[in-house]
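Structure record follows, encoded as structure tokens.
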Amino acid sequence: MLVEFSVFDTPRLSVEHILETPDYKALIDGFTAGNDAAGLESYLKHAAVGDEKANLARTYLVLDKATGELACYFSLRTGLITIQVSGDDFDSLPAMELSNFAVNDTYRKNHAEIRNLGSHVFDVFILPIARCMAKYIGTNSLYIYALPNDRLIEHYATMGFSRLPSEQERFVQSHVKPKYDAGCTFMYQTL
């Protein structure tokens with residue numbers, strides 16, 4: 001039996017799996033990432049579909065229902081986090097990675113009246129998917145490797161993400177962080 005879950009659209013936004021969006025190629029071609037996030041733009045345009053087909057990640061497009069514009073996107077995948085449980089003992093916990101998350105800078109400029117789009121998408125789309133999946137696959141936490149931008153790290157903290165104590169953070173940075181997240185800051189929250 002296939003487990004289905006649903007995420008409810010908002011009055012303004014809908015979320016669609018990238019490969020189920022008929023015109024996804026045109027939508028992602030027009031995507032621009034601000035805040036020194038060229039890697040997030042490149043991922044969407046050059047790697048997201050390949051990761052989909054290889055079952056390495058699921059990418060979702062958040063669309064403006066009135067205009068059809070791509071407002072933002074996010075990618076989720078399973079993973080694990082390693083934390084210190086006592087002394088020098090570490091343990092791995094099942095988790096889900098928010099591996100990519102970016103607002104379309106062009107959309108943001110075209111709709112300056114929309115505030116807190118990233119936080120809104122996180123609350124109404126990302127967290128519900130993560131919490132639903134936690135019921136079926138036993139994940140404990142949601143984590144992200146945040147771009148090394150103090151303002152962005154503070155923003156993720158307002159969304160419920162925390163940093164590890166500095167010694168544990170150094171351990172994660174040197175042992176389990178993917179190479180493509182070099183320089184990023186590990187943050188997590190319990191589901």
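Ordering of the structure tokens sets the chain letters (A, B, ...); residue numbers start at 1 within each chain; ligands are numbered from 1 in the order shown.
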Would you list the contacts of stretch 32-46 of chain A as a PyMOL selection string, taking every protein, DNA or RNA residue within 12 Å and counting only C-alpha atoms, but skipping same-chain residues closer than 5 positions in sequence? chain A and resi 18+24-27+51-52+57-61+70-75+99-109+145-152+180-182+184
Residues as selected, N, CA and C atoms, written as a tab-separated table (two decimals), in the first residue's frame, can you do that?
chain	number	residue	atom	x	y	z
A	18	ILE	N	8.28	18.75	-8.38
A	18	ILE	CA	8.86	19.31	-9.60
A	18	ILE	C	8.49	18.52	-10.86
A	24	TYR	N	7.66	22.85	-15.66
A	24	TYR	CA	8.72	23.11	-14.68
A	24	TYR	C	9.98	23.66	-15.31
A	25	LYS	N	10.31	23.25	-16.54
A	25	LYS	CA	11.56	23.73	-17.16
A	25	LYS	C	11.53	25.24	-17.35
A	26	ALA	N	10.43	25.76	-17.84
A	26	ALA	CA	10.33	27.21	-18.02
A	26	ALA	C	10.34	27.93	-16.68
A	27	LEU	N	9.67	27.36	-15.69
A	27	LEU	CA	9.63	27.97	-14.36
A	27	LEU	C	11.02	28.06	-13.74
A	51	ASP	N	18.58	14.43	-9.39
A	51	ASP	CA	18.42	13.87	-8.04
A	51	ASP	C	17.05	13.22	-7.87
A	52	GLU	N	16.05	13.80	-8.50
A	52	GLU	CA	14.71	13.20	-8.48
A	52	GLU	C	14.73	11.81	-9.09
A	57	ALA	N	16.68	12.99	-3.70
A	57	ALA	CA	15.99	14.11	-3.04
A	57	ALA	C	14.66	14.32	-3.74
A	58	ARG	N	13.75	15.00	-3.06
A	58	ARG	CA	12.48	15.42	-3.65
A	58	ARG	C	12.45	16.93	-3.62
A	59	THR	N	12.21	17.51	-4.79
A	59	THR	CA	12.16	18.96	-4.90
A	59	THR	C	10.73	19.38	-5.18
A	60	TYR	N	10.31	20.41	-4.46
A	60	TYR	CA	8.96	20.95	-4.56
A	60	TYR	C	9.02	22.39	-5.01
A	61	LEU	N	8.12	22.74	-5.93
A	61	LEU	CA	8.00	24.12	-6.40
A	61	LEU	C	6.79	24.75	-5.72
A	70	LEU	N	6.85	31.06	-10.18
A	70	LEU	CA	7.56	30.27	-9.18
A	70	LEU	C	8.00	31.20	-8.06
A	71	ALA	N	7.45	30.99	-6.87
A	71	ALA	CA	7.76	31.85	-5.72
A	71	ALA	C	9.02	31.37	-5.00
A	72	CYS	N	9.14	30.08	-4.81
A	72	CYS	CA	10.33	29.52	-4.18
A	72	CYS	C	10.34	28.01	-4.41
A	73	TYR	N	11.38	27.37	-3.92
A	73	TYR	CA	11.44	25.91	-4.00
A	73	TYR	C	12.15	25.39	-2.77
A	74	PHE	N	11.95	24.10	-2.53
A	74	PHE	CA	12.68	23.42	-1.46
A	74	PHE	C	12.87	21.96	-1.83
A	75	SER	N	13.93	21.38	-1.27
A	75	SER	CA	14.23	19.96	-1.48
A	75	SER	C	14.36	19.29	-0.12
A	99	SER	N	17.52	20.13	2.27
A	99	SER	CA	18.79	20.26	1.58
A	99	SER	C	18.88	21.49	0.68
A	100	ASN	N	17.77	22.01	0.26
A	100	ASN	CA	17.74	23.24	-0.54
A	100	ASN	C	16.48	24.00	-0.19
A	101	PHE	N	16.60	25.31	-0.09
A	101	PHE	CA	15.45	26.14	0.25
A	101	PHE	C	15.78	27.56	-0.18
A	102	ALA	N	15.07	28.06	-1.19
A	102	ALA	CA	15.37	29.40	-1.69
A	102	ALA	C	14.12	30.06	-2.24
A	103	VAL	N	14.02	31.35	-1.98
A	103	VAL	CA	12.97	32.18	-2.53
A	103	VAL	C	13.45	32.73	-3.86
A	104	ASN	N	12.57	32.79	-4.83
A	104	ASN	CA	12.88	33.34	-6.15
A	104	ASN	C	13.01	34.85	-6.02
A	105	ASP	N	14.20	35.37	-6.22
A	105	ASP	CA	14.45	36.80	-6.06
A	105	ASP	C	13.62	37.62	-7.05
A	106	THR	N	13.41	37.11	-8.24
A	106	THR	CA	12.57	37.81	-9.22
A	106	THR	C	11.14	37.92	-8.71
A	107	TYR	N	10.62	36.84	-8.15
A	107	TYR	CA	9.27	36.86	-7.59
A	107	TYR	C	9.19	37.86	-6.44
A	108	ARG	N	10.18	37.85	-5.57
A	108	ARG	CA	10.20	38.76	-4.43
A	108	ARG	C	10.17	40.23	-4.92
A	109	LYS	N	10.93	40.53	-5.95
A	109	LYS	CA	10.95	41.91	-6.48
A	109	LYS	C	9.63	42.28	-7.14
A	145	TYR	N	21.85	22.88	6.41
A	145	TYR	CA	23.17	23.49	6.42
A	145	TYR	C	22.95	24.90	5.87
A	146	ALA	N	22.91	25.86	6.78
A	146	ALA	CA	22.60	27.25	6.41
A	146	ALA	C	23.81	27.93	5.80
A	147	LEU	N	23.55	28.74	4.80
A	147	LEU	CA	24.61	29.54	4.22
A	147	LEU	C	25.24	30.39	5.32
A	148	PRO	N	26.54	30.63	5.25
A	148	PRO	CA	27.23	31.35	6.32
A	148	PRO	C	26.95	32.86	6.29
A	149	ASN	N	25.75	33.19	6.64
A	149	ASN	CA	25.29	34.58	6.65
A	149	ASN	C	24.59	34.78	7.99
A	150	ASP	N	25.13	35.65	8.84
A	150	ASP	CA	24.59	35.82	10.18
A	150	ASP	C	23.10	36.14	10.17
A	151	ARG	N	22.67	36.98	9.26
A	151	ARG	CA	21.25	37.34	9.18
A	151	ARG	C	20.39	36.12	8.85
A	152	LEU	N	20.87	35.30	7.94
A	152	LEU	CA	20.13	34.10	7.55
A	152	LEU	C	20.11	33.09	8.71
A	180	TYR	N	29.48	19.65	-0.66
A	180	TYR	CA	28.84	20.81	-1.30
A	180	TYR	C	28.32	21.83	-0.29
A	181	ASP	N	28.27	21.47	0.98
A	181	ASP	CA	27.85	22.41	2.02
A	181	ASP	C	29.04	23.02	2.75
A	182	ALA	N	30.21	22.97	2.15
A	182	ALA	CA	31.41	23.54	2.78
A	182	ALA	C	31.16	24.99	3.15
A	184	CYS	N	29.03	26.09	5.29
A	184	CYS	CA	27.69	26.28	5.81
A	184	CYS	C	27.62	25.88	7.28
Please return as number ranges by chain: the residues of stretch 23-180 of chain A that backbone DSSP assigns to alpha helix (DSSP H).
A: 24-29, 38-46, 48-53, 105-110, 117-121, 127-137, 150-158, 166-175
Excluding A:Pro94 and its own-chain neighbours fewer than 5 positions away, which residues fall within 8 Å of it when counting only C-alpha atoms? Please give them as a PDB file with all heavy atoms, in the first residue's frame.
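Final output, saved to selection26.pdb:
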ATOM      1  N   THR A  78      16.129  12.180   3.157  1.00  0.00           N
ATOM      2  CA  THR A  78      16.423  11.563   4.444  1.00  0.00           C
ATOM      3  C   THR A  78      17.910  11.664   4.722  1.00  0.00           C
ATOM      4  O   THR A  78      18.724  11.847   3.821  1.00  0.00           O
ATOM      5  CB  THR A  78      15.983  10.088   4.490  1.00  0.00           C
ATOM      6  OG1 THR A  78      16.683   9.383   3.471  1.00  0.00           O
ATOM      7  CG2 THR A  78      14.489   9.953   4.309  1.00  0.00           C
ATOM      8  N   GLY A  79      18.239  11.545   5.997  1.00  0.00           N
ATOM      9  CA  GLY A  79      19.635  11.614   6.399  1.00  0.00           C
ATOM     10  C   GLY A  79      19.771  11.229   7.853  1.00  0.00           C
ATOM     11  O   GLY A  79      18.901  10.557   8.416  1.00  0.00           O
ATOM     12  N   LEU A  80      20.833  11.670   8.460  1.00  0.00           N
ATOM     13  CA  LEU A  80      21.021  11.439   9.881  1.00  0.00           C
ATOM     14  C   LEU A  80      21.818  12.596  10.462  1.00  0.00           C
ATOM     15  O   LEU A  80      22.481  13.327   9.746  1.00  0.00           O
ATOM     16  CB  LEU A  80      21.733  10.107  10.154  1.00  0.00           C
ATOM     17  CG  LEU A  80      23.140   9.905   9.598  1.00  0.00           C
ATOM     18  CD1 LEU A  80      24.216  10.469  10.509  1.00  0.00           C
ATOM     19  CD2 LEU A  80      23.385   8.426   9.416  1.00  0.00           C
ATOM     20  N   ILE A  81      21.704  12.755  11.752  1.00  0.00           N
ATOM     21  CA  ILE A  81      22.537  13.727  12.443  1.00  0.00           C
ATOM     22  C   ILE A  81      23.305  12.989  13.520  1.00  0.00           C
ATOM     23  O   ILE A  81      22.830  12.002  14.081  1.00  0.00           O
ATOM     24  CB  ILE A  81      21.734  14.914  13.031  1.00  0.00           C
ATOM     25  CG1 ILE A  81      20.676  14.442  14.031  1.00  0.00           C
ATOM     26  CG2 ILE A  81      21.094  15.719  11.922  1.00  0.00           C
ATOM     27  CD1 ILE A  81      19.953  15.581  14.732  1.00  0.00           C
ATOM     28  N   GLY A 138      10.006   7.384  10.841  1.00  0.00           N
ATOM     29  CA  GLY A 138      10.713   7.487  12.097  1.00  0.00           C
ATOM     30  C   GLY A 138      11.849   8.480  12.133  1.00  0.00           C
ATOM     31  O   GLY A 138      12.911   8.164  12.645  1.00  0.00           O
ATOM     32  N   THR A 139      11.678   9.639  11.549  1.00  0.00           N
ATOM     33  CA  THR A 139      12.707  10.662  11.665  1.00  0.00           C
ATOM     34  C   THR A 139      12.503  11.447  12.952  1.00  0.00           C
ATOM     35  O   THR A 139      11.386  11.660  13.400  1.00  0.00           O
ATOM     36  CB  THR A 139      12.703  11.635  10.468  1.00  0.00           C
ATOM     37  OG1 THR A 139      11.437  12.275  10.398  1.00  0.00           O
ATOM     38  CG2 THR A 139      12.982  10.916   9.178  1.00  0.00           C
ATOM     39  N   ASN A 140      13.597  11.881  13.530  1.00  0.00           N
ATOM     40  CA  ASN A 140      13.574  12.586  14.804  1.00  0.00           C
ATOM     41  C   ASN A 140      13.673  14.093  14.632  1.00  0.00           C
ATOM     42  O   ASN A 140      13.108  14.844  15.408  1.00  0.00           O
ATOM     43  CB  ASN A 140      14.748  12.075  15.656  1.00  0.00           C
ATOM     44  CG  ASN A 140      14.941  12.844  16.921  1.00  0.00           C
ATOM     45  OD1 ASN A 140      15.614  13.869  16.912  1.00  0.00           O
ATOM     46  ND2 ASN A 140      14.366  12.360  18.008  1.00  0.00           N
ATOM     47  N   SER A 141      14.407  14.527  13.617  1.00  0.00           N
ATOM     48  CA  SER A 141      14.738  15.941  13.475  1.00  0.00           C
ATOM     49  C   SER A 141      14.715  16.373  12.020  1.00  0.00           C
ATOM     50  O   SER A 141      14.798  15.554  11.108  1.00  0.00           O
ATOM     51  CB  SER A 141      16.143  16.213  14.036  1.00  0.00           C
ATOM     52  OG  SER A 141      16.224  15.827  15.378  1.00  0.00           O
TER      53      SER A 141
END
Work out how far atom CA of A:Leu191 is from atom CA of A:Glu16, in Å to one decimal.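 Answer for the atom CA of A:Glu16 to atom CA of A:Leu191 separation: 22.6 Å.
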Extract, using only C-alpha atoms, all DNA, RNA and protein residues at most 10 Å from stretch 122-129 of chain A, discarding same-chain residues fewer than 4 positions from it, and format them as a ChimeraX atom specification. /A:5-10,13-15,60,62,74-76,98,101,116-118,133-134,142,159,191
Residues of stretch 25-100 of chain A in strand (DSSP E or B), written as an MDAnalysis selection string: chainID A and resid 33 58:64 70:86 89:100
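When only C-alpha atoms are used to measure the gap to A:Pro165, the shortest distance among A:Gln84, A:Ala95, A:Val121, A:Arg115 belongs to A:Gln84.
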* Using only C-alpha atoms, which residues sit within 7 Å of A:Tyr143 once same-chain residues fewer than 3 positions away are excluded, as a ChimeraX atom specification? -> /A:96-98,187-189
Pick the closest to A:Glu69 from A:Arg12, A:Lys53, A:His155, A:His120: which is it, counting only C-alpha atoms?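 Of all the options, A:Arg12 lies closest to A:Glu69.
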- Pick the closest to A:Gly160 from A:Ala54, A:Thr190, A:Cys132, A:Val49: which is it, counting only C-alpha atoms?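 Of the candidates, the smallest distance to A:Gly160 is held by A:Thr190.
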Item to complete: Extract, using only C-alpha atoms, all DNA, RNA and protein residues at most 12 Å from A:Leu164, discarding same-chain residues fewer than 2 positions from it, and format them as number ranges by chain.
Response: A: 81-84, 143, 157, 161-162, 166-173, 185-189
